[in-house]
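A.B. asks: Handing over query-v4.cif, mmCIF, C-alpha atoms.
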```
data_model
loop_
_atom_site.label_atom_id
_atom_site.label_comp_id
_atom_site.auth_asym_id
_atom_site.auth_seq_id
_atom_site.Cartn_x
_atom_site.Cartn_y
_atom_site.Cartn_z
CA MET A 1 75.76 7.51 77.84
CA LEU A 2 75.27 11.27 77.77
CA MET A 3 77.00 11.54 74.36
CA LYS A 4 74.86 8.75 72.97
CA HIS A 5 71.68 10.38 74.25
CA THR A 6 72.76 13.72 72.75
CA LYS A 7 73.44 12.11 69.35
CA ASN A 8 70.02 10.43 69.36
CA THR A 9 68.36 13.71 70.28
CA ASN A 10 70.14 15.54 67.45
CA TYR A 11 69.22 12.78 65.03
CA SER A 12 65.56 12.93 66.12
CA GLN A 13 65.49 16.70 65.66
CA GLN A 14 67.07 16.46 62.20
CA HIS A 15 64.66 13.72 61.21
CA ALA A 16 61.70 15.78 62.44
CA LEU A 17 62.95 18.78 60.44
CA TYR A 18 63.35 16.57 57.38
CA LEU A 19 59.79 15.25 57.70
CA LYS A 20 58.51 18.78 58.27
CA ARG A 21 60.29 19.96 55.12
CA ILE A 22 58.78 17.11 53.07
CA LYS A 23 55.31 17.94 54.40
CA ARG A 24 55.78 21.62 53.60
CA ASN A 25 56.93 20.81 50.07
CA LYS A 26 53.83 18.64 49.51
CA ILE A 27 51.59 21.46 50.71
CA LEU A 28 53.34 23.93 48.41
CA ILE A 29 53.06 21.58 45.42
CA ASN A 30 49.34 20.98 46.03
CA ALA A 31 48.78 24.71 46.52
CA ALA A 32 50.62 25.43 43.25
CA ARG A 33 48.51 22.87 41.40
CA ALA A 34 45.29 24.33 42.77
CA GLY A 35 46.51 27.87 42.03
CA ILE A 36 47.28 27.03 38.39
CA LEU A 37 43.83 25.47 37.95
CA ILE A 38 42.08 28.47 39.54
CA LEU A 39 44.15 30.85 37.42
CA LEU A 40 43.31 29.01 34.19
CA PHE A 41 39.59 28.98 34.94
CA GLY A 42 39.70 32.59 36.08
CA LEU A 43 41.41 33.75 32.88
CA TRP A 44 39.05 31.64 30.80
CA GLU A 45 36.03 33.26 32.46
CA LEU A 46 37.52 36.76 32.21
CA PHE A 47 38.45 36.45 28.53
CA ALA A 48 34.99 35.05 27.72
CA ARG A 49 33.21 37.90 29.53
CA LEU A 50 35.41 40.51 27.84
CA GLU A 51 34.84 38.67 24.53
CA ILE A 52 38.56 38.38 23.93
CA ILE A 53 37.60 34.82 23.03
CA ASP A 54 34.24 33.88 21.56
CA PRO A 55 32.19 32.31 24.41
CA PHE A 56 29.95 30.57 21.87
CA ILE A 57 32.93 28.57 20.59
CA THR A 58 34.99 28.20 23.78
CA SER A 59 32.17 28.43 26.36
CA SER A 60 33.17 29.61 29.86
CA PRO A 61 33.31 28.13 33.39
CA SER A 62 30.09 29.90 34.41
CA ARG A 63 28.21 28.64 31.33
CA ILE A 64 29.58 25.13 31.91
CA ALA A 65 28.39 25.26 35.54
CA GLU A 66 24.93 26.36 34.38
CA THR A 67 24.80 23.51 31.85
CA ILE A 68 25.81 20.94 34.47
CA ALA A 69 23.18 22.35 36.86
CA SER A 70 20.49 22.14 34.15
CA LEU A 71 21.41 18.52 33.40
CA ALA A 72 21.20 17.71 37.10
CA GLU A 73 17.78 19.39 37.37
CA ALA A 74 16.54 17.46 34.35
CA GLY A 75 17.68 14.22 36.01
CA THR A 76 19.93 13.17 33.13
CA LEU A 77 23.36 14.15 34.48
CA PHE A 78 23.95 11.15 36.74
CA TYR A 79 22.28 8.83 34.25
CA HIS A 80 24.84 9.69 31.56
CA ILE A 81 27.70 9.66 34.09
CA GLY A 82 26.59 6.25 35.37
CA ILE A 83 26.44 4.77 31.87
CA THR A 84 29.94 5.92 30.95
CA LEU A 85 31.39 5.02 34.35
CA ALA A 86 29.93 1.50 34.20
CA GLU A 87 31.27 0.94 30.67
CA THR A 88 34.70 2.26 31.59
CA MET A 89 35.02 0.32 34.85
CA THR A 90 33.84 -2.93 33.22
CA GLY A 91 36.24 -2.56 30.30
CA PHE A 92 39.06 -1.53 32.65
CA LEU A 93 38.65 -4.58 34.89
CA ILE A 94 38.36 -6.99 31.97
CA ALA A 95 41.42 -5.49 30.26
CA VAL A 96 43.58 -5.57 33.40
CA VAL A 97 42.62 -9.11 34.45
CA SER A 98 42.88 -10.61 30.96
CA GLY A 99 46.04 -8.63 30.16
CA TYR A 100 47.72 -9.85 33.34
CA ALA A 101 46.65 -13.45 32.70
CA ILE A 102 47.89 -13.40 29.10
CA ALA A 103 51.20 -11.87 30.20
CA VAL A 104 51.62 -14.69 32.74
CA LEU A 105 50.93 -17.33 30.08
CA LEU A 106 53.43 -15.73 27.70
CA TRP A 107 56.07 -15.56 30.44
CA LEU A 108 55.54 -19.22 31.27
CA ASN A 109 56.18 -20.24 27.65
CA ASP A 110 59.16 -18.51 26.02
CA GLY A 111 58.50 -20.07 22.62
CA VAL A 112 54.92 -18.82 22.44
CA ARG A 113 56.04 -15.39 23.68
CA LYS A 114 58.66 -15.03 20.95
CA VAL A 115 56.14 -16.09 18.31
CA MET A 116 53.40 -13.75 19.54
CA GLU A 117 55.48 -10.64 20.28
CA PRO A 118 55.37 -9.21 16.71
CA TYR A 119 51.61 -9.69 16.55
CA ILE A 120 51.13 -7.96 19.90
CA VAL A 121 53.21 -5.01 18.71
CA VAL A 122 51.20 -4.75 15.48
CA LEU A 123 47.89 -4.94 17.36
CA ASN A 124 49.07 -2.19 19.69
CA ALA A 125 49.94 0.04 16.73
CA LEU A 126 46.62 -0.59 14.99
CA PRO A 127 44.27 2.45 15.18
CA LYS A 128 41.36 0.92 17.07
CA ILE A 129 38.84 3.49 15.82
CA ALA A 130 39.26 1.94 12.35
CA LEU A 131 37.66 -1.23 13.71
CA GLY A 132 34.50 0.66 14.71
CA PRO A 133 32.38 -0.44 11.72
CA LEU A 134 33.50 -4.05 12.16
CA ILE A 135 32.66 -3.96 15.88
CA ILE A 136 29.14 -2.75 15.02
CA ILE A 137 28.72 -5.62 12.54
CA TRP A 138 30.19 -8.24 14.87
CA ILE A 139 28.67 -7.20 18.20
CA GLY A 140 25.93 -4.69 17.47
CA THR A 141 25.27 -1.21 18.77
CA GLY A 142 24.67 -1.88 22.47
CA TYR A 143 26.79 -1.40 25.57
CA THR A 144 28.68 -4.62 24.81
CA ALA A 145 30.25 -2.99 21.75
CA ILE A 146 31.46 -0.03 23.83
CA ILE A 147 32.92 -2.32 26.49
CA PHE A 148 34.60 -4.36 23.74
CA MET A 149 36.18 -1.18 22.36
CA THR A 150 37.38 -0.24 25.86
CA VAL A 151 39.00 -3.64 26.31
CA LEU A 152 40.50 -3.54 22.82
CA VAL A 153 42.17 -0.18 23.48
CA SER A 154 43.51 -1.17 26.92
CA VAL A 155 44.36 -4.87 26.92
CA ILE A 156 47.39 -4.88 24.57
CA VAL A 157 49.18 -2.22 26.62
CA CYS A 158 48.39 -4.15 29.80
CA ILE A 159 49.93 -7.29 28.26
CA MET A 160 53.04 -5.47 27.06
CA ASN A 161 53.64 -3.61 30.32
CA MET A 162 53.20 -6.66 32.53
CA LEU A 163 55.25 -8.89 30.24
CA ALA A 164 58.08 -6.34 30.29
CA GLY A 165 57.83 -6.29 34.09
CA PHE A 166 57.98 -10.09 34.31
CA ILE A 167 61.01 -10.28 32.01
CA SER A 168 62.88 -7.54 33.91
CA ALA A 169 62.42 -9.17 37.33
CA ASP A 170 65.51 -9.49 39.56
CA LYS A 171 67.91 -11.68 37.56
CA THR A 172 70.06 -12.61 40.56
CA LYS A 173 67.11 -13.96 42.52
CA LEU A 174 65.83 -15.69 39.40
CA LEU A 175 69.15 -17.49 38.85
CA LEU A 176 69.26 -18.43 42.53
CA MET A 177 65.81 -19.98 42.40
CA GLN A 178 66.60 -21.76 39.13
CA SER A 179 69.83 -23.15 40.66
CA MET A 180 67.69 -24.54 43.48
CA ARG A 181 65.54 -26.25 40.81
CA ALA A 182 62.44 -24.22 41.53
CA GLY A 183 59.69 -24.71 38.97
CA LYS A 184 58.23 -21.90 36.89
CA PHE A 185 55.04 -21.73 38.93
CA THR A 186 57.06 -21.50 42.15
CA ILE A 187 59.21 -18.75 40.66
CA LEU A 188 56.09 -16.96 39.48
CA LYS A 189 54.46 -17.13 42.91
CA LYS A 190 57.50 -16.42 45.09
CA LEU A 191 59.47 -13.99 42.92
CA ILE A 192 57.81 -12.65 39.77
CA ILE A 193 54.43 -11.56 41.12
CA PRO A 194 55.78 -9.84 44.29
CA ASP A 195 58.74 -8.33 42.43
CA THR A 196 56.57 -6.83 39.67
CA LEU A 197 54.00 -5.17 41.92
CA PRO A 198 55.31 -1.67 40.99
CA ALA A 199 54.98 -2.58 37.31
CA PHE A 200 51.41 -3.74 37.97
CA MET A 201 50.52 -0.45 39.65
CA ASN A 202 52.01 1.49 36.72
CA THR A 203 49.98 -0.69 34.37
CA LEU A 204 46.82 0.21 36.29
CA LYS A 205 47.65 3.93 35.93
CA VAL A 206 48.12 3.58 32.18
CA ALA A 207 45.01 1.42 31.84
CA VAL A 208 42.89 4.07 33.57
CA GLY A 209 43.54 6.61 30.81
CA LEU A 210 43.19 4.05 28.02
CA ALA A 211 39.90 2.74 29.44
CA TRP A 212 38.39 6.23 29.34
CA ILE A 213 39.67 6.73 25.80
CA GLY A 214 38.19 3.41 24.72
CA SER A 215 34.78 3.99 26.28
CA ILE A 216 34.46 7.47 24.79
CA MET A 217 35.58 6.18 21.38
CA GLY A 218 32.93 3.49 21.63
CA GLU A 219 30.27 6.03 22.60
CA TYR A 220 31.24 8.21 19.65
CA ILE A 221 30.45 5.30 17.35
CA VAL A 222 27.44 3.49 18.76
CA SER A 223 26.05 5.01 21.95
CA ARG A 224 22.67 6.51 22.73
CA ALA A 225 23.64 7.58 26.24
CA GLY A 226 26.75 8.54 28.16
CA LEU A 227 29.16 11.44 28.26
CA GLY A 228 30.57 10.59 24.83
CA TYR A 229 27.04 10.69 23.45
CA LEU A 230 26.53 14.15 25.02
CA ILE A 231 29.71 15.39 23.34
CA VAL A 232 28.62 14.08 19.94
CA TYR A 233 25.06 15.37 20.35
CA GLY A 234 26.27 18.77 21.57
CA GLY A 235 28.55 19.10 18.56
CA GLN A 236 25.78 18.15 16.13
CA VAL A 237 23.34 20.77 17.46
CA PHE A 238 26.06 23.38 18.18
CA ARG A 239 25.49 23.27 21.94
CA LEU A 240 29.16 23.74 22.73
CA ASP A 241 28.42 24.47 26.39
CA LEU A 242 27.17 20.88 26.59
CA VAL A 243 30.31 19.61 24.84
CA MET A 244 32.59 21.45 27.26
CA ALA A 245 30.51 20.43 30.29
CA ALA A 246 30.73 16.74 29.35
CA THR A 247 34.47 17.12 28.71
CA ILE A 248 35.07 18.73 32.11
CA ILE A 249 33.09 15.96 33.83
CA LEU A 250 35.17 13.37 31.95
CA CYS A 251 38.39 15.02 33.15
CA ALA A 252 37.13 15.00 36.74
CA LEU A 253 36.09 11.34 36.60
CA ALA A 254 39.35 10.23 34.96
CA GLY A 255 41.35 12.22 37.51
CA GLY A 256 39.36 10.71 40.36
CA MET A 257 39.88 7.17 39.07
CA TYR A 258 43.61 7.81 38.66
CA ALA A 259 43.75 9.23 42.20
CA ILE A 260 42.14 6.06 43.60
CA VAL A 261 44.81 3.94 41.89
CA ALA A 262 47.57 6.25 43.18
CA ILE A 263 46.22 6.07 46.75
CA ALA A 264 46.00 2.26 46.52
CA GLU A 265 49.60 2.20 45.30
CA ARG A 266 50.81 4.26 48.29
CA ILE A 267 48.93 2.03 50.73
CA ILE A 268 50.32 -1.18 49.19
CA ILE A 269 53.90 0.16 49.07
CA LYS A 270 53.62 1.35 52.69
CA LYS A 271 52.47 -2.11 53.80
CA ARG A 272 55.28 -3.78 51.85
CA GLY A 273 57.84 -1.43 53.39
#
```
What is this structure when it is put down as structure tokens?
C.D. replies:
Amino acid sequence: MLMKHTKNTNYSQQHALYLKRIKRNKILINAARAGILILLFGLWELFARLEIIDPFITSSPSRIAETIASLAEAGTLFYHIGITLAETMTGFLIAVVSGYAIAVLLWLNDGVRKVMEPYIVVLNALPKIALGPLIIIWIGTGYTAIIFMTVLVSVIVCIMNMLAGFISADKTKLLLMQSMRAGKFTILKKLIIPDTLPAFMNTLKVAVGLAWIGSIMGEYIVSRAGLGYLIVYGGQVFRLDLVMAATIILCALAGGMYAIVAIAERIIIKKRG
């Protein structure tokens, strides 16, 4: 009994040291990330003040902060952020839901999937910005056109990623269920959907970036408000501080949205484990 208790104690100590090491590594990684960001902004500010780089062209962190503060004082900052965020979130949700549903339908029907695969690949390769003039003619110049562009950019990748996940589900379990004469809907519910949860979370991560790209592309073409509009307007009137400020805000929003998906993924995986 004494030997067993000693072994358990040693194991507990080793496990505690292992967890402590993992925690320390996470802290070091986060500190390194923050340090790199601070260093980049610090060098940017220093080079701009010393005029090693032209602050009119490249702006600087202090000028960007002043521009953001002036937008907030004017009451337009959160208006533009809200417009772009609403367009992006709406397009993101539509693309993910419709992409998942289409992937399910294609998985359920092998014949349709084999027929449609080349068209899906071609649509994915098509430069969506080229459809901008057609979108304006078809839908108009309102927010609907921007949301349509967001969905167009994101949905094909969602379909392809989820379909690849469905097809690559555990073959042994699939054969076992088929040998037990389980129907496709039963296999989908009991095996495919649970087994492809990691693929779904990866699809969400990819769709986050594509949704932001799509909404900004749409705002470049047709918008009268939003962060993409601020970038276009700032470039037209040579207010490059405004361009950089809107770009930094976009990076922060996209990073925040990605972080939410990553946190959700960790929570879901922890519950499954």
A.B. asks: Mind dumping a table of every stretch 179-230 of chain A residue within 9 Å of stretch 130-143 of chain A, with the nearest atom pair and its distance in Å to one decimal, using all atoms listed in the file, sorted by chain and rising number, as a Markdown table?
C.D. replies:
```
| residue | atom | partner | partner_atom | distance |
| --- | --- | --- | --- | --- |
| A:Met217 | CA | A:Gly132 | CA | 8.7 |
| A:Gly218 | CA | A:Gly132 | CA | 7.6 |
| A:Glu219 | CA | A:Tyr143 | CA | 8.7 |
| A:Ile221 | CA | A:Gly132 | CA | 6.7 |
| A:Val222 | CA | A:Thr141 | CA | 5.2 |
| A:Ser223 | CA | A:Thr141 | CA | 7.0 |
| A:Arg224 | CA | A:Gly142 | CA | 8.6 |
```
A.B. asks: Mind giving me the straight-line distance from atom CA of A:Leu204 to atom CA of A:Tyr220 in Å, one decimal?
C.D. replies: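 So the answer is 24.2 Å.
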A.B. asks: Is it possible to get the axis-aligned box enclosing stretch 242-255 of chain A (all listed atoms, 5 Å extra per side) as lines of an AutoDock Vina configuration file, with centre and edge lengths in Å rounded to one decimal?
C.D. replies:
```
center_x = 34.3
center_y = 15.8
center_z = 31.2
size_x = 24.2
size_y = 21.2
size_z = 22.7
```
A.B. asks: List the spatial neighbours of A:Leu210 as a list in words - criterion: any atom at most 10 Å away, only C-alpha atoms, same-chain residues fewer than 6 positions off excluded.
C.D. replies: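 Non-adjacent residues within range: Thr88, Gly91, Phe92, Ala95, Thr150, Val151, Leu152, Val153, Ser154, Val155, Val157, Cys158, Leu204 and Ile216 of chain A.
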A.B. asks: For each of A:Gly214, A:Gly255, A:Gly75, A:Pro55, take the minimum atom-to-atom distance to A:Ile146, counting only C-alpha atoms, then give the residue where this is smallest.
C.D. replies: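 Distance minimum relative to A:Ile146 lands on A:Gly214.
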A.B. asks: Contacts of stretch 115-124 of chain A at 8 Å or less, counting only C-alpha atoms, minus same-chain residues fewer than 2 places along, as a list in words?
C.D. replies: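 Returned residues: Gly111, Val112, Arg113, Leu126, Ile156, Val157 and Met160 of chain A.
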A.B. asks: So which one's closest to A:Ile64, A:Ile268, A:Met244, A:Ile193, A:Val261? Using all atoms listed in the file, please.
C.D. replies: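 For A:Ile64, the nearest of the given residues is A:Met244.
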A.B. asks: Give me, as a list in words, all polymer residues having an atom no more than 7 Å from stretch 103-105 of chain A, counting only C-alpha atoms and skipping those fewer than 5 positions away in the same chain.
C.D. replies: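 So, after excluding close chain neighbours, the residues are Ile159, Met162 and Leu163 of chain A.
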A.B. asks: Using only C-alpha atoms, which of the listed residues (A:Leu17, A:Ala69, A:Ile129, A:Ala262) sits closest to A:Asp241?
C.D. replies: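 Checking each candidate against A:Asp241, we get A:Ala69 as the closest.
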A.B. asks: So which one's closest to A:Gly226, A:Thr172, A:Ser70, A:Thr76, A:Asn25? Using all atoms listed in the file, please.
C.D. replies: A:Thr76
A.B. asks: Report, in Å to a single decimal, how far apart atom CA of A:Pro61 and atom CA of A:Glu45 are.
C.D. replies: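 It comes out at 5.9 Å.
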A.B. asks: Kindly give the distance, in Å, that separates atom CA of A:Leu230 and atom CA of A:Ser60, rounded to a single decimal.
C.D. replies: 17.5 Å
A.B. asks: Around (24.4, 26.7, 26.1) in the file's own coordinates, what residues are found within 12 Å if you use all atoms listed in the file, given back as JSON, numbers by chain?
C.D. replies: {"A": [55, 56, 57, 58, 59, 60, 61, 62, 63, 64, 65, 66, 67, 68, 69, 70, 71, 234, 235, 237, 238, 239, 240, 241, 242, 243, 244, 245]}
A.B. asks: Could you save the residues just selected, with C-alpha atoms, as a PDB file, keeping the file's coordinate frame?
C.D. replies:
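Writing the result to part14.pdb gives the following:
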```pdb
ATOM      1  CA  PRO A  55      32.190  32.310  24.410  1.00  0.00           C
ATOM      2  CA  PHE A  56      29.950  30.570  21.870  1.00  0.00           C
ATOM      3  CA  ILE A  57      32.930  28.570  20.590  1.00  0.00           C
ATOM      4  CA  THR A  58      34.990  28.200  23.780  1.00  0.00           C
ATOM      5  CA  SER A  59      32.170  28.430  26.360  1.00  0.00           C
ATOM      6  CA  SER A  60      33.170  29.610  29.860  1.00  0.00           C
ATOM      7  CA  PRO A  61      33.310  28.130  33.390  1.00  0.00           C
ATOM      8  CA  SER A  62      30.090  29.900  34.410  1.00  0.00           C
ATOM      9  CA  ARG A  63      28.210  28.640  31.330  1.00  0.00           C
ATOM     10  CA  ILE A  64      29.580  25.130  31.910  1.00  0.00           C
ATOM     11  CA  ALA A  65      28.390  25.260  35.540  1.00  0.00           C
ATOM     12  CA  GLU A  66      24.930  26.360  34.380  1.00  0.00           C
ATOM     13  CA  THR A  67      24.800  23.510  31.850  1.00  0.00           C
ATOM     14  CA  ILE A  68      25.810  20.940  34.470  1.00  0.00           C
ATOM     15  CA  ALA A  69      23.180  22.350  36.860  1.00  0.00           C
ATOM     16  CA  SER A  70      20.490  22.140  34.150  1.00  0.00           C
ATOM     17  CA  LEU A  71      21.410  18.520  33.400  1.00  0.00           C
ATOM     18  CA  GLY A 234      26.270  18.770  21.570  1.00  0.00           C
ATOM     19  CA  GLY A 235      28.550  19.100  18.560  1.00  0.00           C
ATOM     20  CA  VAL A 237      23.340  20.770  17.460  1.00  0.00           C
ATOM     21  CA  PHE A 238      26.060  23.380  18.180  1.00  0.00           C
ATOM     22  CA  ARG A 239      25.490  23.270  21.940  1.00  0.00           C
ATOM     23  CA  LEU A 240      29.160  23.740  22.730  1.00  0.00           C
ATOM     24  CA  ASP A 241      28.420  24.470  26.390  1.00  0.00           C
ATOM     25  CA  LEU A 242      27.170  20.880  26.590  1.00  0.00           C
ATOM     26  CA  VAL A 243      30.310  19.610  24.840  1.00  0.00           C
ATOM     27  CA  MET A 244      32.590  21.450  27.260  1.00  0.00           C
ATOM     28  CA  ALA A 245      30.510  20.430  30.290  1.00  0.00           C
TER      29      ALA A 245
END
```
A.B. asks: Hey, which of A:Thr247, A:Glu73, A:Asp195, A:Trp212 ends up closest to A:Ala86? Count only C-alpha atoms.
C.D. replies: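 Of all the options, A:Trp212 lies closest to A:Ala86.
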A.B. asks: Write out as JSON, numbers by chain which residues come within 8 Å of A:Lys205 when counting all atoms listed in the file, dropping same-chain ones fewer than 3 positions away.
C.D. replies: {"A": [201, 202, 208, 209, 258, 261, 262]}
